[in-house]
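Asks: Right, I'll just put the structure down here and ask away after.
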Amino acid sequence: MVKKKLPGRNALQEVFNLVDAFCRDHLNDEYVVLCRTLAEKLARKRPSPMLRGEPKTWACAIIRVIGWVNFLDDRSQKPHLKLTRIDKSFGVAESTAQGKAKAIRQLLKIRQFHHEWTLPSRWDSTVPIWTLHDQNGFMVDIRKQSAESQRAAFRQGLIPYVPADRAAEAMKPHLETKKSGLLYQFKIVLKWTEPPVWRRIQVLDESLDKLHEHIQAAMGWQNSHLHHFLFNGRRYGDPELIGEGGDTSDVVNSTQTLISAIVPSDGRPFLFLYEYDFGDSWLHELQFEGNPSPHAGITYPHCLEGDRACPPEDVGGPPGFADYLAAVSNPDHERHDECVEWHGKFIPSKFNPQYATHLMQEGLPDWRKMQ
C-alpha cells in the first residue's frame, strides 16, 4: 500500500521555515519544537485546515497559540514578547492573527497550563499543570499524592511525567555505572520526513553516548555534529562537546549515564527525543519497545529493520531535504546537476538493515579525536 503524503506538504515546509526563523531570532529552541509539533498536528487533520490560507498567516497564528499558552506577553516571563509583535513581523493583520489562533485553539482544544503545549523548562514551576481532581472531586497537587495516583494520571496524559519516579531516580547517583545486562529495543523515527525515515534496533545496556553512536550508524549519519537526548524537560549530552557550542549548566553527562537509568524498569512504552546537528535540527523520536530476550547466534547491537535512506549531511534539515529530493529526482530541475555533483547518486528508498548492523558493530570515528 502506498502511504498517503502529508496534506499540504509544501505549505507545511514553508510554515516550518517561517516558524524556525522567527523563534530562533526572537524566542528559543523550545518554541521551535512546540510550534513545529503544532503545525504538524494541524497538517495531519483530515481534512487539513492548512490547505487553505497563506503559510505566513498559519505560522503567525501557530506562534501566537504557543505564546498564549506560555504567557509570552507577560513581562515576568523569559522570553517575553507582545503577541502583536508577531503579527507585525509576518505582516498579518492583528484581527486575522487573533481569529486564526482562536480557531486553532478550538480545533485542537488547546488550553493554558496543559503540559503538551507548555515549555518543558517550565513544567516544574507551573503549579496548575499538577493540580488535578482527586477521586472525591477535590483539587489536589498530584505531586503530593501517591506514586500510584501519579502513574494513573500520567497514563491518562494529564501530567508530563511521574514525579515519584523522578524523585526515586534522584536518590541514585546521577552517573550510573552498573550495567543491567538487559537488551533494549527502540524504534527510531526521523521526524518531519515524508515518507518517514525510520529504524528498529536492539542494543545492550550501555551509556547514552554509546546509544548515540548506534543511532548514528543505523540511520546513516556521520557523527560530525553535536547531539543531545531530550526528555522530561532535561537534556543529556557530552558536556565537553556541547560546551564548545553552548551552555552546559543543564546537561547531564551522557557518557556516564546508562540506558537503564532513564528507561522505565517495568518495560512500559516510553518516548524520548534525540537531536542531531543543532543547525539542521534533525529531531528523532525514540520509542522504547521493551526488553526482548537475546537470541543465540545474534551479535548486538543489531538493526532489525527500517525504511528509506538517511538524508545527506548538511542538506539543510527537513525542508532542505525535501528540496534536495525534488532536485535529484528530476533531471529537468534547475538544481539537479548541482545536487548530483555535490552528493552523487541518491536512492531515497535504499536501506539495508544488514549493512546498518555491520556499521553499528564496527563503530564510528570518535569525534573527540577528529581534527
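Letters for chains follow the order of the C-alpha cells (A, B, ...), residue numbers begin at 1 for each chain, and ligand numbers begin at 1 in the order shown.
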With DSSP run on the backbone, what are the alpha helix (DSSP H) residues within region 282-341 of chain A? I'd like them as a list of chain:residue names.

Replies: A:Gly317, A:Pro318, A:Pro319, A:Gly320, A:Phe321, A:Ala322, A:Asp323, A:Tyr324, A:Leu325, A:Ala326, A:Ala327, A:Val328, A:His336, A:Asp337, A:Glu338, A:Cys339, A:Val340, A:Glu341

Asks: Grab the residues selected above and save them as a short mmCIF file (atom, residue, chain, number, x, y, z; two decimals), in the first residue's frame with C-alpha atoms.

Replies:
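Printed below is selection.cif as written:
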data_model
loop_
_atom_site.label_atom_id
_atom_site.label_comp_id
_atom_site.auth_asym_id
_atom_site.auth_seq_id
_atom_site.Cartn_x
_atom_site.Cartn_y
_atom_site.Cartn_z
CA GLY A 317 17.21 19.96 7.70
CA PRO A 318 13.78 18.54 6.69
CA PRO A 319 12.87 21.48 4.37
CA GLY A 320 16.28 21.35 2.67
CA PHE A 321 16.00 17.57 2.32
CA ALA A 322 12.61 17.93 0.61
CA ASP A 323 14.10 20.44 -1.84
CA TYR A 324 17.09 18.15 -2.41
CA LEU A 325 14.83 15.15 -3.19
CA ALA A 326 12.85 17.25 -5.66
CA ALA A 327 16.08 18.24 -7.42
CA VAL A 328 17.81 14.83 -7.62
CA HIS A 336 19.61 18.64 -10.46
CA ASP A 337 23.20 18.65 -11.74
CA GLU A 338 24.41 20.69 -8.76
CA CYS A 339 22.88 18.27 -6.21
CA VAL A 340 24.09 15.15 -8.01
CA GLU A 341 27.60 16.58 -8.26
#

Asks: Give me the region 29-51 of chain A side of the contact with region 265-288 of chain A, cut-off 12 Å, one line per residue showing its nearest atom pair and distance in Å at one decimal, counting only C-alpha atoms, sorted by chain and residue number, as a tab-separated table.

Replies:
residue	atom	partner	partner_atom	distance
A:Asp29	CA	A:Phe278	CA	9.7
A:Val32	CA	A:Ser281	CA	10.1
A:Val33	CA	A:Leu283	CA	9.1
A:Arg36	CA	A:Leu283	CA	11.0
A:Thr37	CA	A:Leu283	CA	11.3

Asks: Write out, as an mmCIF file, in the first residue's frame, the residues just selected, with N, CA and C atoms.

Replies:
data_model
loop_
_atom_site.group_PDB
_atom_site.id
_atom_site.type_symbol
_atom_site.label_atom_id
_atom_site.label_comp_id
_atom_site.auth_asym_id
_atom_site.auth_seq_id
_atom_site.Cartn_x
_atom_site.Cartn_y
_atom_site.Cartn_z
ATOM 1 N N ASP A 29 14.688 27.556 21.308
ATOM 2 C CA ASP A 29 14.513 26.268 20.636
ATOM 3 C C ASP A 29 13.288 25.518 21.144
ATOM 4 N N VAL A 32 10.583 26.508 19.041
ATOM 5 C CA VAL A 32 10.711 25.887 17.722
ATOM 6 C C VAL A 32 10.040 24.514 17.724
ATOM 7 N N VAL A 33 10.373 23.690 18.723
ATOM 8 C CA VAL A 33 9.844 22.327 18.777
ATOM 9 C C VAL A 33 8.333 22.322 18.950
ATOM 10 N N ARG A 36 6.560 23.620 15.759
ATOM 11 C CA ARG A 36 6.627 22.614 14.699
ATOM 12 C C ARG A 36 5.645 21.472 14.984
ATOM 13 N N THR A 37 5.578 21.053 16.239
ATOM 14 C CA THR A 37 4.661 19.978 16.618
ATOM 15 C C THR A 37 3.217 20.382 16.354
#

Asks: Excluding Lys82 (chain A) and any residue of its chain fewer than 5 positions from it, enumerate the residues within 12 Å of it, using only C-alpha atoms, and give them as JSON, numbers by chain.

Replies: {"A": [26, 27, 63, 64, 67, 68, 71, 72, 73, 74, 75, 77, 87, 88, 89, 94]}

Asks: Could you work out how far CA of Leu119 (chain A) lies from CA of Lys78 (chain A), giving the answer in Å with one decimal?

Replies: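 Computed distance, CA of Lys78 (chain A) to CA of Leu119 (chain A), equals 11.0 Å.
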
Asks: Nearest residue to Ser125 (chain A) out of A:Gly233, A:Pro264, A:Pro294, A:Gly91, using only C-alpha atoms?

Replies: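 Of A:Gly233, A:Pro264, A:Pro294, A:Gly91, the one nearest Ser125 (chain A) is A:Gly233, counting only C-alpha atoms.
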
Asks: For Ser293 (chain A), list every protein, DNA or RNA residue within 12 Å, evaluated using only C-alpha atoms, and leave out those in the same chain fewer than 6 positions away; present the list as a ChimeraX atom specification.

Replies: /A:181-185,202-204,300

Asks: So the first atom is CA of Leu211 (chain A) and the second is CA of Ser254 (chain A); what is the distance between them in Å, to one decimal place?

Replies: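 We find that CA of Leu211 (chain A) and CA of Ser254 (chain A) lie 9.4 Å from each other.
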
Asks: Pick out the residues sitting within 12 Å of Lys144 (chain A), and hand them over as an MDAnalysis selection string; count only C-alpha atoms, and ignore anything fewer than 4 positions along from it in its own chain.

Replies: chainID A and resid 127 130:132 134 139:140 148:150 162:164 167

Asks: What does the file look like for those residues with N, CA and C atoms, as a PDB file, in the first residue's frame?

Replies:
ATOM      1  N   VAL A 127       2.499  25.316  38.688  1.00  0.00           N
ATOM      2  CA  VAL A 127       1.656  24.554  39.627  1.00  0.00           C
ATOM      3  C   VAL A 127       0.373  24.027  38.985  1.00  0.00           C
ATOM      4  N   TRP A 130       0.060  20.482  37.642  1.00  0.00           N
ATOM      5  CA  TRP A 130      -0.004  19.376  38.597  1.00  0.00           C
ATOM      6  C   TRP A 130      -1.281  19.385  39.441  1.00  0.00           C
ATOM      7  N   THR A 131      -2.159  20.366  39.235  1.00  0.00           N
ATOM      8  CA  THR A 131      -3.380  20.481  40.035  1.00  0.00           C
ATOM      9  C   THR A 131      -4.522  19.759  39.339  1.00  0.00           C
ATOM     10  N   LEU A 132      -4.952  18.638  39.937  1.00  0.00           N
ATOM     11  CA  LEU A 132      -5.980  17.790  39.339  1.00  0.00           C
ATOM     12  C   LEU A 132      -7.082  17.479  40.343  1.00  0.00           C
ATOM     13  N   ASP A 134      -9.096  14.903  42.563  1.00  0.00           N
ATOM     14  CA  ASP A 134      -8.920  13.554  43.097  1.00  0.00           C
ATOM     15  C   ASP A 134     -10.234  12.787  42.959  1.00  0.00           C
ATOM     16  N   MET A 139      -9.617  19.490  44.413  1.00  0.00           N
ATOM     17  CA  MET A 139      -8.416  19.862  43.677  1.00  0.00           C
ATOM     18  C   MET A 139      -7.191  19.568  44.541  1.00  0.00           C
ATOM     19  N   VAL A 140      -6.257  18.798  43.996  1.00  0.00           N
ATOM     20  CA  VAL A 140      -5.061  18.431  44.750  1.00  0.00           C
ATOM     21  C   VAL A 140      -3.829  18.605  43.866  1.00  0.00           C
ATOM     22  N   GLU A 148       1.141   5.694  42.863  1.00  0.00           N
ATOM     23  CA  GLU A 148       0.103   5.013  42.083  1.00  0.00           C
ATOM     24  C   GLU A 148      -0.813   6.019  41.401  1.00  0.00           C
ATOM     25  N   SER A 149      -1.230   7.048  42.144  1.00  0.00           N
ATOM     26  CA  SER A 149      -2.102   8.084  41.589  1.00  0.00           C
ATOM     27  C   SER A 149      -1.374   8.861  40.499  1.00  0.00           C
ATOM     28  N   GLN A 150      -0.115   9.142  40.727  1.00  0.00           N
ATOM     29  CA  GLN A 150       0.680   9.874  39.726  1.00  0.00           C
ATOM     30  C   GLN A 150       0.806   9.068  38.441  1.00  0.00           C
ATOM     31  N   VAL A 162       6.073  11.232  35.861  1.00  0.00           N
ATOM     32  CA  VAL A 162       5.696  10.783  37.202  1.00  0.00           C
ATOM     33  C   VAL A 162       6.693  11.336  38.219  1.00  0.00           C
ATOM     34  N   PRO A 163       6.297  12.332  39.007  1.00  0.00           N
ATOM     35  CA  PRO A 163       7.232  12.933  39.968  1.00  0.00           C
ATOM     36  C   PRO A 163       7.857  11.932  40.926  1.00  0.00           C
ATOM     37  N   ALA A 164       7.072  10.959  41.373  1.00  0.00           N
ATOM     38  CA  ALA A 164       7.604   9.985  42.329  1.00  0.00           C
ATOM     39  C   ALA A 164       8.738   9.171  41.723  1.00  0.00           C
ATOM     40  N   ALA A 167      11.770  11.375  41.513  1.00  0.00           N
ATOM     41  CA  ALA A 167      12.367  11.551  42.840  1.00  0.00           C
ATOM     42  C   ALA A 167      13.175  10.323  43.227  1.00  0.00           C
TER      43      ALA A 167
END

Asks: Just to confirm, what's the straight-line distance from CA of His302 (chain A) to CA of Gly220 (chain A) in Å (one decimal)?

Replies: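 The value is 14.1 Å.
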
Asks: Compile the contact shell of Thr96 (chain A) as a PyMOL selection string: residues with an atom at most 10 Å away, counting only C-alpha atoms, same-chain residues fewer than 3 positions apart removed.

Replies: chain A and resi 57+60-61+87+92-93+99-102

Asks: Return the single residue from A:Asp209, A:Asp165, A:Glu14, A:Asp141 that is closest to Ala39 (chain A), with distances computed using only C-alpha atoms.

Replies: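 Of the candidates, the smallest distance to Ala39 (chain A) is held by A:Glu14.
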
Asks: Residues near Lys56 (chain A), anyone? I mean within 8 Å using only C-alpha atoms, not counting same-chain ones fewer than 5 positions away, as a list in words.

Replies: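 The contact residues come out as Val15, Leu18, Phe90 and Val92 of chain A.
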
Asks: When DSSP is applied to the backbone of this structure, which of region 146-357 of chain A are assigned strand (DSSP E)? Write them out as a ChimeraX atom specification.

Replies: /A:183-190,197-204,227-231,234-237,251-253,270-276,282-290,302-307

Asks: Hey, can you spit out that residue selection with N, CA and C atoms as a compact mmCIF listing (two decimals), in the first residue's frame?

Replies:
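The file below, out.txt, is the result:
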# COMPACT_ATOMS: atom_id res chain seq x y z
N LEU A 183 18.63 -6.37 27.20
CA LEU A 183 18.59 -5.97 25.81
C LEU A 183 17.43 -4.99 25.63
N TYR A 184 17.67 -3.89 24.92
CA TYR A 184 16.66 -2.86 24.72
C TYR A 184 16.32 -2.73 23.24
N GLN A 185 15.03 -2.63 22.97
CA GLN A 185 14.59 -2.44 21.58
C GLN A 185 13.98 -1.05 21.41
N PHE A 186 14.43 -0.33 20.37
CA PHE A 186 13.94 1.01 20.10
C PHE A 186 13.51 1.13 18.64
N LYS A 187 12.43 1.87 18.43
CA LYS A 187 12.09 2.30 17.08
C LYS A 187 12.47 3.76 16.98
N ILE A 188 13.24 4.10 15.95
CA ILE A 188 13.75 5.46 15.76
C ILE A 188 13.09 6.05 14.53
N VAL A 189 12.39 7.16 14.68
CA VAL A 189 11.72 7.81 13.56
C VAL A 189 12.28 9.22 13.39
N LEU A 190 12.79 9.52 12.21
CA LEU A 190 13.29 10.86 11.91
C LEU A 190 12.09 11.75 11.61
N VAL A 197 11.63 8.34 7.50
CA VAL A 197 12.86 7.55 7.59
C VAL A 197 12.88 6.96 8.99
N TRP A 198 12.97 5.63 9.11
CA TRP A 198 12.92 5.02 10.44
C TRP A 198 13.78 3.76 10.51
N ARG A 199 14.13 3.39 11.76
CA ARG A 199 14.91 2.18 12.03
C ARG A 199 14.38 1.51 13.30
N ARG A 200 14.55 0.19 13.37
CA ARG A 200 14.26 -0.54 14.61
C ARG A 200 15.53 -1.26 15.01
N ILE A 201 16.04 -0.97 16.21
CA ILE A 201 17.32 -1.53 16.63
C ILE A 201 17.21 -2.20 17.99
N GLN A 202 18.16 -3.09 18.26
CA GLN A 202 18.29 -3.72 19.58
C GLN A 202 19.71 -3.50 20.07
N VAL A 203 19.82 -3.02 21.30
CA VAL A 203 21.14 -2.73 21.88
C VAL A 203 21.18 -3.20 23.32
N LEU A 204 22.34 -3.62 23.77
CA LEU A 204 22.52 -3.98 25.17
C LEU A 204 22.63 -2.72 26.01
N HIS A 227 25.04 16.70 19.35
CA HIS A 227 23.79 15.97 19.58
C HIS A 227 23.42 16.07 21.05
N HIS A 228 22.17 15.75 21.37
CA HIS A 228 21.75 15.56 22.75
C HIS A 228 20.44 14.76 22.76
N PHE A 229 20.13 14.17 23.92
CA PHE A 229 18.87 13.49 24.15
C PHE A 229 17.98 14.42 24.98
N LEU A 230 16.68 14.39 24.74
CA LEU A 230 15.74 15.26 25.45
C LEU A 230 14.56 14.47 25.98
N PHE A 231 14.31 14.59 27.28
CA PHE A 231 13.08 14.05 27.86
C PHE A 231 12.90 14.60 29.27
N ARG A 234 14.67 17.72 30.44
CA ARG A 234 16.12 17.73 30.66
C ARG A 234 16.82 17.28 29.39
N ARG A 235 18.11 17.60 29.30
CA ARG A 235 18.87 17.13 28.14
C ARG A 235 20.14 16.42 28.60
N TYR A 236 20.48 15.38 27.86
CA TYR A 236 21.63 14.54 28.16
C TYR A 236 22.59 14.60 26.98
N GLY A 237 23.83 14.93 27.26
CA GLY A 237 24.83 15.02 26.20
C GLY A 237 26.22 14.99 26.81
N VAL A 251 23.02 20.23 31.39
CA VAL A 251 23.31 19.00 30.67
C VAL A 251 23.76 17.90 31.63
N VAL A 252 23.08 16.74 31.57
CA VAL A 252 23.51 15.56 32.32
C VAL A 252 24.46 14.79 31.42
N ASN A 253 25.55 14.30 31.97
CA ASN A 253 26.61 13.67 31.19
C ASN A 253 26.14 12.34 30.60
N PHE A 270 7.84 3.98 26.22
CA PHE A 270 8.45 5.21 26.69
C PHE A 270 9.00 5.96 25.50
N LEU A 271 8.69 7.25 25.39
CA LEU A 271 9.16 8.06 24.28
C LEU A 271 10.15 9.12 24.76
N PHE A 272 11.21 9.34 23.98
CA PHE A 272 12.08 10.47 24.24
C PHE A 272 12.68 10.91 22.91
N LEU A 273 13.41 12.02 22.92
CA LEU A 273 13.90 12.61 21.69
C LEU A 273 15.43 12.61 21.62
N TYR A 274 15.91 12.55 20.41
CA TYR A 274 17.35 12.64 20.14
C TYR A 274 17.50 13.65 19.02
N GLU A 275 18.29 14.71 19.26
CA GLU A 275 18.50 15.72 18.23
C GLU A 275 19.95 15.68 17.77
N TYR A 276 20.13 15.70 16.46
CA TYR A 276 21.46 15.67 15.87
C TYR A 276 21.62 16.87 14.94
N TRP A 282 18.00 17.83 13.14
CA TRP A 282 17.39 16.54 12.84
C TRP A 282 16.87 15.95 14.14
N LEU A 283 15.57 15.98 14.32
CA LEU A 283 14.95 15.51 15.56
C LEU A 283 14.43 14.09 15.35
N HIS A 284 14.87 13.17 16.20
CA HIS A 284 14.46 11.77 16.10
C HIS A 284 13.58 11.43 17.31
N GLU A 285 12.50 10.72 17.07
CA GLU A 285 11.66 10.22 18.16
C GLU A 285 12.06 8.78 18.44
N LEU A 286 12.45 8.50 19.67
CA LEU A 286 12.84 7.16 20.07
C LEU A 286 11.74 6.54 20.92
N GLN A 287 11.21 5.42 20.46
CA GLN A 287 10.19 4.72 21.22
C GLN A 287 10.77 3.43 21.77
N PHE A 288 10.79 3.33 23.10
CA PHE A 288 11.26 2.11 23.75
C PHE A 288 10.17 1.06 23.60
N GLU A 289 10.52 -0.11 23.02
CA GLU A 289 9.53 -1.14 22.72
C GLU A 289 9.67 -2.38 23.61
N GLY A 290 10.52 -2.31 24.63
CA GLY A 290 10.61 -3.44 25.55
C GLY A 290 12.00 -4.04 25.64
N HIS A 302 22.18 -4.61 17.00
CA HIS A 302 21.61 -5.23 15.82
C HIS A 302 20.48 -4.36 15.27
N CYS A 303 20.46 -4.17 13.96
CA CYS A 303 19.36 -3.43 13.31
C CYS A 303 18.40 -4.45 12.72
N LEU A 304 17.17 -4.46 13.20
CA LEU A 304 16.17 -5.42 12.76
C LEU A 304 15.59 -5.06 11.39
N GLU A 305 15.21 -3.79 11.25
CA GLU A 305 14.54 -3.34 10.03
C GLU A 305 14.53 -1.82 9.98
N GLY A 306 14.01 -1.30 8.88
CA GLY A 306 13.91 0.15 8.73
C GLY A 306 13.42 0.47 7.33
N ASP A 307 13.37 1.75 7.02
CA ASP A 307 12.89 2.17 5.71
C ASP A 307 13.47 3.52 5.34
